>>> print(open('run.tsv').read())   # TSV, C-alpha atoms and all ligand atoms
chain	number	residue	atom	x	y	z
Y	1	MET	CA	-233.79	-17.03	-1.11
Y	2	ASP	CA	-234.06	-20.02	-3.38
Y	3	ILE	CA	-234.51	-19.10	-7.00
Y	4	GLY	CA	-234.75	-22.72	-7.99
Y	5	ALA	CA	-231.48	-22.91	-9.85
Y	6	SER	CA	-228.52	-25.18	-9.28
Y	7	LYS	CA	-225.36	-24.22	-7.45
Y	8	THR	CA	-223.37	-24.34	-10.64
Y	9	ASP	CA	-221.26	-21.31	-11.31
Y	10	ARG	CA	-222.47	-19.18	-14.15
Y	11	TYR	CA	-220.79	-16.47	-16.14
Y	12	THR	CA	-222.57	-13.23	-16.83
Y	13	ALA	CA	-221.39	-10.66	-19.29
Y	14	GLY	CA	-220.64	-7.52	-17.37
Y	15	PRO	CA	-220.14	-3.99	-18.52
Y	16	LEU	CA	-217.60	-2.47	-20.83
Y	17	LEU	CA	-215.58	-0.09	-18.73
Y	18	ASP	CA	-213.21	2.72	-19.45
Y	19	PRO	CA	-209.71	1.80	-18.35
Y	20	GLY	CA	-209.20	2.91	-14.78
Y	21	THR	CA	-209.51	2.03	-11.17
Y	22	TYR	CA	-212.68	0.58	-9.73
Y	23	LEU	CA	-214.21	-0.82	-6.63
Y	24	ILE	CA	-216.50	-3.78	-7.10
Y	25	TRP	CA	-219.25	-4.19	-4.52
Y	26	SER	CA	-221.17	-7.35	-4.07
Y	27	GLY	CA	-223.48	-8.98	-1.64
Y	28	LYS	CA	-226.35	-11.35	-1.36
Y	29	ARG	CA	-229.44	-9.76	-2.70
Y	30	ALA	CA	-232.04	-8.86	-0.11
Y	31	SER	CA	-235.69	-8.79	-1.11
Y	32	GLY	CA	-236.88	-8.65	-4.67
Y	33	GLU	CA	-235.36	-5.29	-5.42
Y	34	ILE	CA	-232.53	-4.20	-7.62
Y	35	GLY	CA	-229.45	-2.94	-5.87
Y	36	VAL	CA	-230.49	-3.99	-2.37
Y	37	SER	CA	-228.04	-6.07	-0.42
Y	38	ASP	CA	-227.93	-6.53	3.33
Y	39	ASP	CA	-224.24	-7.33	3.26
Y	40	TRP	CA	-222.32	-5.07	0.94
Y	41	LYS	CA	-218.64	-5.77	0.71
Y	42	ALA	CA	-216.22	-3.71	-1.31
Y	43	TYR	CA	-213.41	-5.41	-3.22
Y	44	GLY	CA	-210.44	-3.78	-4.81
Y	45	PRO	CA	-209.51	-1.22	-5.87
Y	46	PHE	CA	-208.82	-2.99	-9.13
Y	47	THR	CA	-207.03	-1.40	-12.06
Y	48	LEU	CA	-208.56	-2.42	-15.39
Y	49	THR	CA	-206.66	-2.03	-18.64
Y	50	GLY	CA	-208.24	-1.43	-22.03
Y	51	GLY	CA	-208.41	-4.33	-24.43
Y	52	LYS	CA	-208.53	-6.92	-21.67
Y	53	SER	CA	-211.25	-9.04	-20.15
Y	54	TYR	CA	-211.62	-9.68	-16.46
Y	55	LEU	CA	-213.60	-12.15	-14.44
Y	56	PHE	CA	-214.87	-11.12	-11.03
Y	57	ASP	CA	-215.69	-14.10	-8.84
Y	58	VAL	CA	-218.68	-12.84	-6.90
Y	59	TRP	CA	-218.36	-15.67	-4.41
Y	60	SER	CA	-214.73	-15.14	-3.43
Y	61	GLY	CA	-214.36	-11.45	-4.29
Y	62	THR	CA	-211.34	-12.03	-6.52
Y	63	LEU	CA	-210.62	-10.59	-9.93
Y	64	GLU	CA	-208.51	-12.23	-12.62
Y	65	GLU	CA	-207.66	-11.41	-16.18
Y	66	VAL	CA	-209.13	-13.95	-18.59
Y	67	ASP	CA	-209.12	-14.77	-22.25
Y	68	PRO	CA	-212.71	-14.02	-23.29
Y	69	TRP	CA	-212.96	-17.07	-25.53
Y	70	THR	CA	-212.55	-19.26	-22.46
Y	71	LEU	CA	-215.96	-17.94	-21.41
Y	72	SER	CA	-217.53	-18.06	-24.85
Y	73	SER	CA	-216.01	-19.14	-28.14
Y	74	MET	CA	-217.94	-16.37	-29.85
Y	75	LEU	CA	-216.09	-13.66	-28.03
Y	76	ASN	CA	-213.18	-11.60	-29.18
Y	77	GLN	CA	-210.98	-9.26	-27.25
Y	78	ALA	CA	-212.53	-6.03	-26.09
Y	79	SER	CA	-211.45	-2.92	-27.96
Y	80	PRO	CA	-208.30	-1.15	-26.78
Y	81	ASN	CA	-210.37	1.65	-25.29
Y	82	VAL	CA	-212.43	-0.48	-22.96
Y	83	ALA	CA	-212.09	-3.29	-20.48
Y	84	ARG	CA	-214.67	-6.05	-20.37
Y	85	LEU	CA	-215.81	-7.23	-16.98
Y	86	TRP	CA	-217.49	-10.60	-16.47
Y	87	TYR	CA	-219.03	-12.05	-13.37
Y	88	LYS	CA	-218.60	-15.56	-12.14
Y	89	ARG	CA	-221.43	-16.22	-9.78
Y	90	PRO	CA	-223.31	-19.12	-8.32
Y	91	THR	CA	-226.86	-19.54	-9.44
Y	92	MET	CA	-227.90	-20.67	-5.99
Y	93	ASP	CA	-228.32	-17.24	-4.43
Y	94	PRO	CA	-229.16	-14.03	-6.19
Y	95	GLN	CA	-226.29	-11.60	-5.94
Y	96	VAL	CA	-226.08	-7.88	-6.30
Y	97	VAL	CA	-223.01	-6.46	-7.96
Y	98	CYS	CA	-222.08	-2.86	-8.44
Y	99	VAL	CA	-219.00	-1.55	-10.17
Y	100	GLU	CA	-218.03	1.83	-8.86
Y	101	ARG	CA	-216.01	4.11	-11.09
Y	102	ALA	CA	-214.52	6.14	-8.29
Y	103	LEU	CA	-214.66	5.92	-4.56
Y	104	GLY	CA	-217.86	7.41	-3.26
Y	105	ASP	CA	-218.17	10.45	-1.10
Y	106	PRO	CA	-218.92	9.84	2.54
Y	107	VAL	CA	-222.56	9.06	3.10
Y	108	ASP	CA	-224.67	10.62	5.83
Y	109	GLY	CA	-227.27	9.02	8.02
Y	110	ALA	CA	-228.86	5.69	7.40
Y	111	ASP	CA	-226.80	4.89	4.36
Y	112	ALA	CA	-223.58	5.12	6.31
Y	113	ASP	CA	-222.12	2.32	8.31
Y	114	GLU	CA	-219.45	3.16	10.90
Y	115	LEU	CA	-216.86	0.49	11.41
Y	116	ARG	CA	-214.07	-0.02	13.88
Y	117	GLN	CA	-211.43	-2.26	12.39
Y	118	TRP	CA	-208.15	-3.75	13.50
Y	119	ALA	CA	-205.30	-3.95	11.04
Y	120	ALA	CA	-205.16	-7.06	8.90
Y	121	ARG	CA	-201.63	-6.56	7.57
Y	122	ALA	CA	-198.65	-4.46	8.55
Y	123	THR	CA	-195.23	-3.53	7.26
Y	124	ALA	CA	-192.70	-1.12	8.68
Y	125	SER	CA	-189.55	0.81	7.87
Y	126	SER	CA	-187.82	-1.60	10.21
Y	127	GLU	CA	-188.72	-4.13	12.84
Y	128	TYR	CA	-186.82	-5.51	15.79
Y	129	SER	CA	-187.20	-9.08	14.52
Y	130	SER	CA	-189.44	-11.04	12.19
Y	131	THR	CA	-191.37	-12.46	15.15
Y	132	GLY	CA	-191.28	-10.61	18.45
Y	133	TRP	CA	-191.70	-6.83	17.97
Y	134	ALA	CA	-192.36	-7.44	14.26
Y	135	ALA	CA	-194.70	-5.16	12.31
Y	136	LEU	CA	-197.33	-7.90	12.36
Y	137	GLN	CA	-197.52	-7.46	16.13
Y	138	ALA	CA	-199.47	-4.27	15.41
Y	139	THR	CA	-202.21	-6.22	13.62
Y	140	GLY	CA	-205.32	-7.51	15.28
Y	141	GLU	CA	-206.79	-6.55	18.61
Y	142	PRO	CA	-204.58	-5.21	21.40
Y	143	ASP	CA	-202.73	-7.98	23.20
Y	144	THR	CA	-200.24	-5.84	25.08
Y	145	TYR	CA	-202.28	-2.87	26.26
Y	146	PRO	CA	-202.83	-1.82	29.03
Y	147	ASP	CA	-199.40	-3.11	30.01
Y	148	HIS	CA	-196.52	-0.71	29.51
Y	149	GLY	CA	-193.11	-2.11	28.72
Y	150	ASP	CA	-190.74	-3.61	26.20
Y	151	ILE	CA	-193.06	-6.46	25.24
Y	152	THR	CA	-192.80	-8.78	22.21
Y	153	THR	CA	-196.47	-8.47	21.25
Y	154	ALA	CA	-196.06	-4.88	20.07
Y	155	TRP	CA	-194.17	-3.50	17.08
Y	156	ALA	CA	-190.76	-1.93	17.66
Y	157	SER	CA	-188.27	-0.54	15.17
Y	158	LEU	CA	-184.92	-2.24	14.80
Y	159	GLU	CA	-182.99	0.47	16.61
Y	160	GLU	CA	-184.13	2.80	19.34
Y	161	ASP	CA	-183.91	6.58	18.86
Y	162	ASP	CA	-183.34	6.10	15.14
Y	163	GLY	CA	-184.95	9.08	13.43
Y	164	ILE	CA	-188.06	8.75	11.32
Y	165	GLN	CA	-189.68	5.31	11.31
Y	166	TRP	CA	-193.02	4.32	9.83
Y	167	LEU	CA	-195.64	1.64	10.23
Y	168	ASP	CA	-198.02	0.83	7.35
Y	169	LEU	CA	-201.32	-0.80	8.21
Y	170	GLU	CA	-203.92	-2.32	5.93
Y	171	TYR	CA	-207.57	-2.98	6.78
Y	172	GLU	CA	-210.23	-5.13	5.23
Y	173	VAL	CA	-212.85	-2.53	4.39
Y	174	PRO	CA	-212.15	0.87	2.84
Y	175	VAL	CA	-213.75	3.64	4.90
Y	176	SER	CA	-213.89	7.37	5.09
Y	177	ILE	CA	-211.61	7.69	8.10
Y	178	SER	CA	-212.74	9.78	11.05
Y	179	ARG	CA	-210.36	8.64	13.78
Y	180	ILE	CA	-207.36	6.45	14.39
Y	181	ASP	CA	-206.77	4.94	17.84
Y	182	ILE	CA	-203.13	4.06	18.36
Y	183	TYR	CA	-202.31	1.78	21.28
Y	184	GLU	CA	-198.88	2.94	22.39
Y	185	THR	CA	-197.45	0.49	24.88
Y	186	PHE	CA	-193.84	1.57	25.35
Y	187	ASN	CA	-192.52	5.12	25.60
Y	188	PRO	CA	-195.54	6.87	23.99
Y	189	GLY	CA	-195.22	10.26	22.37
Y	190	ALA	CA	-193.18	9.76	19.20
Y	191	ILE	CA	-196.05	9.88	16.71
Y	192	ALA	CA	-195.37	12.73	14.27
Y	193	GLY	CA	-197.75	12.16	11.39
Y	194	ILE	CA	-200.47	10.14	9.75
Y	195	GLU	CA	-200.70	9.55	6.01
Y	196	ILE	CA	-203.59	7.91	4.18
Y	197	TYR	CA	-203.15	6.01	0.95
Y	198	ASP	CA	-205.48	7.14	-1.81
Y	199	LEU	CA	-206.84	5.03	-4.66
Y	200	ASN	CA	-203.69	5.57	-6.69
Y	201	GLY	CA	-201.53	4.33	-3.86
Y	202	GLU	CA	-200.26	7.84	-3.16
Y	203	ARG	CA	-199.90	8.85	0.46
Y	204	GLN	CA	-201.80	11.95	1.54
Y	205	LEU	CA	-200.84	13.73	4.74
Y	206	ALA	CA	-203.84	13.62	7.09
Y	207	TRP	CA	-202.33	14.81	10.35
Y	208	GLU	CA	-199.03	15.99	11.73
Y	209	GLY	CA	-198.11	17.23	15.15
Y	210	SER	CA	-196.64	16.21	18.42
Y	211	MET	CA	-197.87	14.59	21.60
Y	212	GLU	CA	-196.84	14.64	25.20
Y	213	PRO	CA	-194.57	11.75	26.17
Y	214	ALA	CA	-195.97	9.34	28.74
Y	215	THR	CA	-194.60	6.72	31.07
Y	216	GLU	CA	-197.59	4.40	30.84
Y	217	ALA	CA	-199.49	2.78	28.00
Y	218	ARG	CA	-202.16	4.90	26.38
Y	219	ILE	CA	-204.57	5.06	23.48
Y	220	SER	CA	-203.72	8.05	21.32
Y	221	ALA	CA	-206.81	9.07	19.39
Y	222	ILE	CA	-206.16	11.14	16.29
Y	223	GLU	CA	-209.12	12.78	14.59
Y	224	ILE	CA	-209.00	12.67	10.82
Y	225	ASP	CA	-211.17	14.52	8.35
Y	226	SER	CA	-210.76	12.45	5.22
Y	227	ASP	CA	-212.64	13.25	2.04
Y	228	PHE	CA	-211.86	9.93	0.38
Y	229	THR	CA	-212.06	6.33	1.42
Y	230	SER	CA	-209.06	4.18	2.13
Y	231	ASP	CA	-208.05	0.90	3.68
Y	232	ARG	CA	-204.39	1.73	4.25
Y	233	ILE	CA	-202.58	4.22	6.47
Y	234	ARG	CA	-199.05	5.08	7.50
Y	235	ILE	CA	-198.09	6.12	11.00
Y	236	ILE	CA	-194.90	8.17	11.10
Y	237	LEU	CA	-192.82	8.28	14.24
Y	238	ASP	CA	-189.97	10.57	15.08
Y	239	THR	CA	-188.22	8.14	17.38
Y	240	ASN	CA	-185.78	10.77	18.59
Y	241	ARG	CA	-188.57	12.63	20.38
Y	242	VAL	CA	-188.99	10.12	23.17
Y	243	SER	CA	-185.97	8.10	24.23
Y	244	GLY	CA	-186.08	4.32	24.17
Y	245	TRP	CA	-188.12	2.14	21.84
Y	246	ASN	CA	-191.53	3.57	20.96
Y	247	GLU	CA	-193.77	0.54	20.61
Y	248	ILE	CA	-197.23	0.18	19.09
Y	249	ASP	CA	-199.48	-2.71	20.08
Y	250	ALA	CA	-202.51	-2.20	17.84
Y	251	VAL	CA	-204.22	0.44	15.72
Y	252	ALA	CA	-207.97	0.80	15.31
Y	253	LEU	CA	-209.30	2.47	12.19
Y	254	ILE	CA	-212.65	4.15	12.75
Y	255	GLY	CA	-214.60	5.37	9.78
Y	256	THR	CA	-217.69	5.27	7.71
Y	257	ARG	CA	-218.15	2.74	5.04
Y	258	SER	CA	-219.69	4.34	2.04
Y	259	LEU	CA	-222.22	2.36	0.15
Y	260	PRO	CA	-221.70	2.47	-3.59
Y	261	GLN	CA	-222.73	5.83	-4.90
Y	262	SER	CA	-222.88	5.38	-8.59
Y	263	GLY	CA	-221.93	2.79	-11.05
Y	264	LEU	CA	-223.05	-0.11	-13.07
Y	265	TRP	CA	-225.49	-2.39	-11.35
Y	266	SER	CA	-226.08	-5.94	-12.20
Y	267	HIS	CA	-228.40	-8.54	-10.90
Y	268	GLY	CA	-228.50	-11.74	-12.80
Y	269	ASP	CA	-229.04	-10.86	-16.40
Y	270	VAL	CA	-230.30	-7.42	-15.50
Y	271	LEU	CA	-227.76	-4.73	-16.13
Y	272	ILE	CA	-228.44	-1.10	-15.58
Y	273	ASP	CA	-226.01	1.58	-16.58
Y	274	ALA	CA	-226.14	4.68	-14.47
Y	275	PRO	CA	-224.00	7.77	-14.89
Y	276	PRO	CA	-221.63	8.82	-12.11
Y	277	GLY	CA	-223.36	10.93	-9.51
Y	278	GLY	CA	-226.89	10.15	-10.56
Y	279	TRP	CA	-229.35	7.54	-11.66
Y	280	GLU	CA	-231.55	7.48	-14.68
Y	281	GLY	CA	-234.24	4.99	-15.35
Y	282	VAL	CA	-234.23	2.36	-12.66
Y	283	MET	CA	-233.10	3.41	-9.22
Y	284	PRO	CA	-231.24	1.17	-6.80
Y	285	GLY	CA	-233.90	-0.32	-4.59
Y	286	GLU	CA	-236.57	-0.14	-7.27
Y	287	ALA	CA	-238.39	-3.37	-7.88
Y	288	ILE	CA	-237.66	-5.23	-11.09
Y	301	CA	CA	-200.12	-6.39	19.45
>>> encode(input="run.tsv", output="structure tokens", more="lines below")
Ligand SMILES: [Ca+2]
Amino acid sequence: MDIGASKTDRYTAGPLLDPGTYLIWSGKRASGEIGVSDDWKAYGPFTLTGGKSYLFDVWSGTLEEVDPWTLSSMLNQASPNVARLWYKRPTMDPQVVCVERALGDPVDGADADELRQWAARATASSEYSSTGWAALQATGEPDTYPDHGDITTAWASLEEDDGIQWLDLEYEVPVSISRIDIYETFNPGAIAGIEIYDLNGERQLAWEGSMEPATEARISAIEIDSDFTSDRIRIILDTNRVSGWNEIDAVALIGTRSLPQSGLWSHGDVLIDAPPGGWEGVMPGEAI
């Protein structure tokens, strides 16, 4: 959609926010309606501190702290009780931005969007080396499965049969997790628990148990009933349960992406403040 403006970046004064943790959603605006985007992406969570100003770059999805007078010489610091959010956005395409105060509840039906993602980043309690069998070998699509064996393209801990070991995996899009598919490609059966990181970075136990050992590669599907969204999990292995290295090739995160549920909507110079859990005045999707 061409709104006849240049591509020059423009700064828009955003909302004053209580200090806290937020997701910022943005996407290219679809149709001539407020709050309608055909490509929502969630960024963050970001922690905003009172008395500071922040600039969210709608184009790149990054947030940085700024001195407000760099945006306008008329501006002073926000009060200690609030954080000021600004948007840096191109004028070429209309953008929809929503600041969500807390992660939304899972959404049913047409508003939900189930995703299957491969890990983007990984760290571990230990790794056999920084290349072969490193934690990063558990990112991306499977490249070992269905082979079973001691293969460099899967993660392995430094030592075999070495007590509790963990593998942390991060994904691009926060989802309400329904299932985790773990591609175990050497000595399966050591998985003892799954933890999910919440917005505060605290790990919440989502599953614990035991599985039958196996002598061939398998996909271990673990059903999760998560009542919050997350983009980071921890897989806990008790490596003493199954002798030899217990290697993981890849981990798929299956879950529902929640669309923003409540928050502060902005399109261009239009800013609508809606209370958490409900809308007053203009509804998302309502024509300007
Ligand atoms: Ca792999």
>>> closest_residue(input="run.tsv", among="Y:Ser226, Y:Thr123, Y:Thr12, Y:Ser73", to="Lys88 (chain Y)", atoms="all atoms listed in the file")
Y:Thr12
>>> atom_distance(input="run.tsv", atom1="CA of Leu205 (chain Y)", atom2="CA of Ile224 (chain Y)")
10.2 Å
>>> closest_residue(input="run.tsv", among="Y:Glu223, Y:Glu141, Y:Asp9, Y:Glu64", to="ligand CA 301 (chain Y)", atoms="only C-alpha atoms and all ligand atoms")
Y:Glu141
>>> closest_residue(input="run.tsv", among="Y:Pro146, Y:Pro19, Y:Gly44, Y:Gly61", to="ligand CA 301 (chain Y)", atoms="all atoms listed in the file")
Y:Pro146
>>> atom_distance(input="run.tsv", atom1="CA of Val173 (chain Y)", atom2="CA of Gly209 (chain Y)")
26.9 Å
>>> residues_near_ligand(input="run.tsv", ligand="ligand CA 301 (chain Y)", cutoff="9 Å", atoms="all atoms listed in the file", output="PyMOL selection string")
chain Y and resi 133+136-145+152-155+183+248-251
>>> residues_near_point(input="run.tsv", point="(-184.6, 9.7, 16.5)", cutoff="7 Å", atoms="all atoms listed in the file", output="list in words")
Asp161, Asp162, Gly163, Ile164, Asp238, Thr239, Asn240 and Arg241 of chain Y
>>> residues_around(input="run.tsv", residues="Trp86 (chain Y)", least_positions_apart="3", cutoff="6 Å", atoms="all atoms listed in the file", output="number ranges by chain")
Y: 12-14, 54-55
>>> decode(input="run.tsv", residues="region 159-247 of chain Y", atoms="C-alpha atoms", output="mmCIF file, in the first residue's frame")
data_model
loop_
_atom_site.group_PDB
_atom_site.id
_atom_site.type_symbol
_atom_site.label_atom_id
_atom_site.label_comp_id
_atom_site.auth_asym_id
_atom_site.auth_seq_id
_atom_site.Cartn_x
_atom_site.Cartn_y
_atom_site.Cartn_z
ATOM 1 C CA GLU Y 159 31.192 -36.782 29.580
ATOM 2 C CA GLU Y 160 28.991 -39.813 29.197
ATOM 3 C CA ASP Y 161 26.913 -41.070 32.139
ATOM 4 C CA ASP Y 162 27.537 -37.822 33.995
ATOM 5 C CA GLY Y 163 24.424 -37.174 36.059
ATOM 6 C CA ILE Y 164 22.035 -34.349 35.273
ATOM 7 C CA GLN Y 165 22.764 -32.427 32.077
ATOM 8 C CA TRP Y 166 20.610 -29.805 30.406
ATOM 9 C CA LEU Y 167 20.091 -28.282 26.998
ATOM 10 C CA ASP Y 168 18.557 -24.799 26.649
ATOM 11 C CA LEU Y 169 16.889 -23.928 23.377
ATOM 12 C CA GLU Y 170 15.616 -20.599 22.128
ATOM 13 C CA TYR Y 171 13.094 -20.041 19.345
ATOM 14 C CA GLU Y 172 12.164 -17.053 17.262
ATOM 15 C CA VAL Y 173 8.492 -16.710 18.093
ATOM 16 C CA PRO Y 174 6.990 -17.021 21.576
ATOM 17 C CA VAL Y 175 4.139 -19.535 21.588
ATOM 18 C CA SER Y 176 1.821 -21.247 23.978
ATOM 19 C CA ILE Y 177 3.577 -24.605 23.860
ATOM 20 C CA SER Y 178 1.527 -27.722 23.207
ATOM 21 C CA ARG Y 179 4.209 -30.245 22.282
ATOM 22 C CA ILE Y 180 7.941 -30.669 22.049
ATOM 23 C CA ASP Y 181 9.425 -33.163 19.574
ATOM 24 C CA ILE Y 182 12.896 -34.237 20.607
ATOM 25 C CA TYR Y 183 15.007 -36.012 17.996
ATOM 26 C CA GLU Y 184 17.118 -38.413 20.019
ATOM 27 C CA THR Y 185 19.806 -39.907 17.829
ATOM 28 C CA PHE Y 186 22.090 -41.767 20.218
ATOM 29 C CA ASN Y 187 21.062 -43.865 23.212
ATOM 30 C CA PRO Y 188 17.546 -42.391 23.647
ATOM 31 C CA GLY Y 189 15.740 -42.526 26.959
ATOM 32 C CA ALA Y 190 17.571 -40.152 29.292
ATOM 33 C CA ILE Y 191 15.110 -37.264 29.132
ATOM 34 C CA ALA Y 192 13.893 -36.568 32.677
ATOM 35 C CA GLY Y 193 12.218 -33.186 32.507
ATOM 36 C CA ILE Y 194 11.156 -30.155 30.532
ATOM 37 C CA GLU Y 195 11.201 -26.619 31.904
ATOM 38 C CA ILE Y 196 9.778 -23.548 30.195
ATOM 39 C CA TYR Y 197 11.145 -20.072 30.761
ATOM 40 C CA ASP Y 198 8.506 -17.538 31.715
ATOM 41 C CA LEU Y 199 8.568 -13.805 31.013
ATOM 42 C CA ASN Y 200 10.717 -13.155 34.056
ATOM 43 C CA GLY Y 201 13.285 -15.666 32.900
ATOM 44 C CA GLU Y 202 12.263 -18.116 35.615
ATOM 45 C CA ARG Y 203 12.067 -21.768 34.655
ATOM 46 C CA GLN Y 204 8.740 -23.490 35.238
ATOM 47 C CA LEU Y 205 8.575 -27.269 35.338
ATOM 48 C CA ALA Y 206 6.304 -28.415 32.501
ATOM 49 C CA TRP Y 207 6.923 -32.145 32.452
ATOM 50 C CA GLU Y 208 8.926 -34.757 34.285
ATOM 51 C CA GLY Y 209 9.056 -38.485 33.882
ATOM 52 C CA SER Y 210 10.950 -41.275 32.293
ATOM 53 C CA MET Y 211 11.019 -42.981 28.928
ATOM 54 C CA GLU Y 212 11.942 -46.386 27.675
ATOM 55 C CA PRO Y 213 15.509 -46.617 26.393
ATOM 56 C CA ALA Y 214 15.897 -47.414 22.711
ATOM 57 C CA THR Y 215 18.625 -48.678 20.446
ATOM 58 C CA GLU Y 216 17.582 -46.672 17.415
ATOM 59 C CA ALA Y 217 16.905 -43.010 16.748
ATOM 60 C CA ARG Y 218 13.453 -41.773 17.622
ATOM 61 C CA ILE Y 219 11.320 -38.678 17.948
ATOM 62 C CA SER Y 220 10.164 -38.327 21.536
ATOM 63 C CA ALA Y 221 7.006 -36.241 21.592
ATOM 64 C CA ILE Y 222 6.200 -34.641 24.925
ATOM 65 C CA GLU Y 223 2.795 -33.053 25.359
ATOM 66 C CA ILE Y 224 2.829 -29.794 27.260
ATOM 67 C CA ASP Y 225 -0.103 -27.857 28.645
ATOM 68 C CA SER Y 226 1.347 -24.393 29.023
ATOM 69 C CA ASP Y 227 -0.745 -21.471 30.208
ATOM 70 C CA PHE Y 228 1.795 -18.843 29.180
ATOM 71 C CA THR Y 229 3.794 -18.148 26.087
ATOM 72 C CA SER Y 230 7.500 -18.678 25.819
ATOM 73 C CA ASP Y 231 10.311 -18.895 23.315
ATOM 74 C CA ARG Y 232 12.785 -20.753 25.509
ATOM 75 C CA ILE Y 233 12.850 -24.227 27.034
ATOM 76 C CA ARG Y 234 15.225 -26.454 28.950
ATOM 77 C CA ILE Y 235 15.498 -30.175 28.390
ATOM 78 C CA ILE Y 236 16.854 -32.023 31.412
ATOM 79 C CA LEU Y 237 18.575 -35.347 30.980
ATOM 80 C CA ASP Y 238 19.547 -37.837 33.614
ATOM 81 C CA THR Y 239 22.469 -39.266 31.700
ATOM 82 C CA ASN Y 240 22.923 -42.107 34.166
ATOM 83 C CA ARG Y 241 19.636 -43.675 33.075
ATOM 84 C CA VAL Y 242 20.879 -44.886 29.717
ATOM 85 C CA SER Y 243 24.537 -45.776 29.380
ATOM 86 C CA GLY Y 244 26.679 -44.082 26.764
ATOM 87 C CA TRP Y 245 26.248 -40.581 25.387
ATOM 88 C CA ASN Y 246 22.619 -39.483 25.025
ATOM 89 C CA GLU Y 247 22.598 -37.271 21.951
#
